[in-house]
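First comes the structure, then the notes that go with it.
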Amino acid sequence: MEKQIFGLLGKNIAYSFSRNYFNQKFERDNINAQYVNFDVTNISQLSDVLKTKNLRGLNVTIPYKQAVIPFLDDLSNDAKTIGAVNTIEVADGKHIGHNTDHIGFRDSIKPLLKPHHQKALILGTGGASKAVAFALDSLGIGYKFVSRQKVNDTLLYRQLDPEILSEHTVIINCTPIGTSPEIDRAPEIPFQHLGKSHLLYDLIYNPGKTRFLQRGETAGATIINGYEMLVGQAEASWKIWNNL
């Protein structure tokens, strides 16, 4: 049987978690497969990627989670609702978009939630933030998006005051601020108004403790990075690819 190919579609993804995770899994479980990075500079190159021999499935990362949608034959209900795709299933010559980010996020934050965690601030408005919002809906947690530019009813960073932060005790960073090479940066929230009631979640996993999380921890907040979310979304992708 020929080697099955899985991969990650993204831009500047040499650092990728997924490649190492899946190739170690294939070796450990004696699966005749390989996971490769499809590092493309333009989404138009996806057409060539989809022609890869023995391609069984893809993960999708920034900046293409929304841009891939026009190239696909169909979307799962979750991906349709979220409006972003992080997993592509290849089945019977069709390419179907799914979203497993929300599963990884939901399952990793759930054990940390306390009864007072009723409202959240989502920093950023990209594809990942949409999956986070979908998960928060499923958990019954209200939320507001925070961005640098006013869009609909988003909050601006400079609007975050003690009252908003005392009400919104879950804060999720869905921006790339704080990842390499700019590990000294953090989203511009007023950390001085955080305390023990807050839960800070950073989707970034490298570095393991971003400046955002460091400053939250100093203020007494509970913190978690994106590693468990990545593992959860990866395993959910594997189930989709293998119809489990």
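Here's how to read the names in the structure tokens: chain A, B, ... by the order shown, residue numbers from 1 in each chain, ligand numbers from 1 in the order shown.
The protein and nucleic acid residues lying at most 9 Å from Leu123 (chain A) are Ser129, Lys144, Phe145, Val146, Ser147, Tyr157, Ile171, Ile172, Asn173, Cys174, Thr175 and Pro187 of chain A, with only C-alpha atoms considered and sequence neighbours fewer than 5 positions away removed.
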Who sits within 7 Å of Leu213 (chain A), only C-alpha atoms, same chain under 3 positions skipped, as a PyMOL selection string: chain A and resi 200+209-210+216-217+223
Just to be explicit: take each residue in the selection above, keep N, CA, C and O atoms, and write the result as a CSV table (one decimal), in the first residue's frame.
```
chain,number,residue,atom,x,y,z
A,200,LEU,N,-6.8,33.8,31.7
A,200,LEU,CA,-6.2,34.3,30.5
A,200,LEU,C,-5.8,33.1,29.6
A,200,LEU,O,-5.1,32.2,30.1
A,209,LYS,N,5.0,30.4,27.6
A,209,LYS,CA,4.5,31.5,28.4
A,209,LYS,C,4.8,32.8,27.8
A,209,LYS,O,5.8,33.4,28.0
A,210,THR,N,3.8,33.3,27.0
A,210,THR,CA,4.0,34.6,26.4
A,210,THR,C,4.0,35.7,27.4
A,210,THR,O,3.6,35.6,28.5
A,216,GLY,N,-0.4,38.3,33.1
A,216,GLY,CA,-1.6,37.8,33.7
A,216,GLY,C,-1.3,37.1,35.0
A,216,GLY,O,-2.0,37.3,36.0
A,217,GLU,N,-0.3,36.2,34.9
A,217,GLU,CA,0.1,35.4,36.1
A,217,GLU,C,0.6,36.3,37.2
A,217,GLU,O,0.2,36.1,38.4
A,223,ILE,N,-3.7,31.0,34.0
A,223,ILE,CA,-3.3,31.1,32.6
A,223,ILE,C,-3.2,29.7,32.0
A,223,ILE,O,-3.0,28.7,32.6
```
Using only C-alpha atoms, what table do you get, as a Markdown table, when you list each residue of region 111-206 of chain A with an atom no more than 10 Å from region 42-63 of chain A, its nearest pair of atoms, and their distance in Å rounded to one decimal, rows by chain then rising number?
```
| residue | atom | partner | partner_atom | distance |
| --- | --- | --- | --- | --- |
| A:Gly126 | CA | A:Pro63 | CA | 8.9 |
| A:Gly127 | CA | A:Ile62 | CA | 8.0 |
| A:Ala128 | CA | A:Ile62 | CA | 8.6 |
| A:Pro176 | CA | A:Ile62 | CA | 9.6 |
```
Prev. selection, all heavy atoms, output as a CSV table (one decimal), in the first residue's frame:
```csv
chain,number,residue,atom,x,y,z
A,126,GLY,N,-9.8,37.4,13.6
A,126,GLY,CA,-9.5,36.5,12.5
A,126,GLY,C,-10.3,35.2,12.6
A,126,GLY,O,-11.2,35.0,13.4
A,127,GLY,N,-9.8,34.2,11.8
A,127,GLY,CA,-10.5,32.9,11.7
A,127,GLY,C,-10.5,32.1,13.0
A,127,GLY,O,-11.5,31.5,13.4
A,128,ALA,N,-9.4,32.2,13.8
A,128,ALA,CA,-9.3,31.5,15.1
A,128,ALA,C,-10.3,32.1,16.1
A,128,ALA,O,-10.9,31.4,16.9
A,128,ALA,CB,-7.9,31.6,15.6
A,176,PRO,N,-1.6,37.1,16.8
A,176,PRO,CA,-0.2,36.6,16.8
A,176,PRO,C,0.7,37.4,17.7
A,176,PRO,O,1.9,37.1,17.7
A,176,PRO,CB,0.2,36.6,15.3
A,176,PRO,CG,-0.6,37.7,14.7
A,176,PRO,CD,-1.9,37.8,15.5
```
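Residue nearest His198 (chain A) within the list A:Gln118, A:Ser180, A:Thr169, A:Gln214: A:Thr169 [criterion: smallest interatomic distance, only C-alpha atoms].
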Spatial neighbours of Leu139 (chain A), max dist 8 Å, only C-alpha atoms, sep filter under 3 positions, as a list in words: Arg106, Ala135 and Leu136 of chain A
Those selected residues, please, written with N, CA, C and O atoms and delivered as a PDB file, in the first residue's frame.
```pdb
ATOM      1  N   ARG A 106     -12.545  24.351  23.199  1.00  0.00           N
ATOM      2  CA  ARG A 106     -13.590  24.029  24.196  1.00  0.00           C
ATOM      3  C   ARG A 106     -13.104  23.001  25.221  1.00  0.00           C
ATOM      4  O   ARG A 106     -13.255  23.189  26.433  1.00  0.00           O
ATOM      5  N   ALA A 135     -17.125  28.141  20.214  1.00  0.00           N
ATOM      6  CA  ALA A 135     -16.960  27.297  21.399  1.00  0.00           C
ATOM      7  C   ALA A 135     -17.577  27.951  22.634  1.00  0.00           C
ATOM      8  O   ALA A 135     -18.235  27.282  23.440  1.00  0.00           O
ATOM      9  N   LEU A 136     -17.374  29.265  22.786  1.00  0.00           N
ATOM     10  CA  LEU A 136     -17.943  29.975  23.938  1.00  0.00           C
ATOM     11  C   LEU A 136     -19.467  29.917  23.901  1.00  0.00           C
ATOM     12  O   LEU A 136     -20.121  29.757  24.940  1.00  0.00           O
TER      13      LEU A 136
END
```
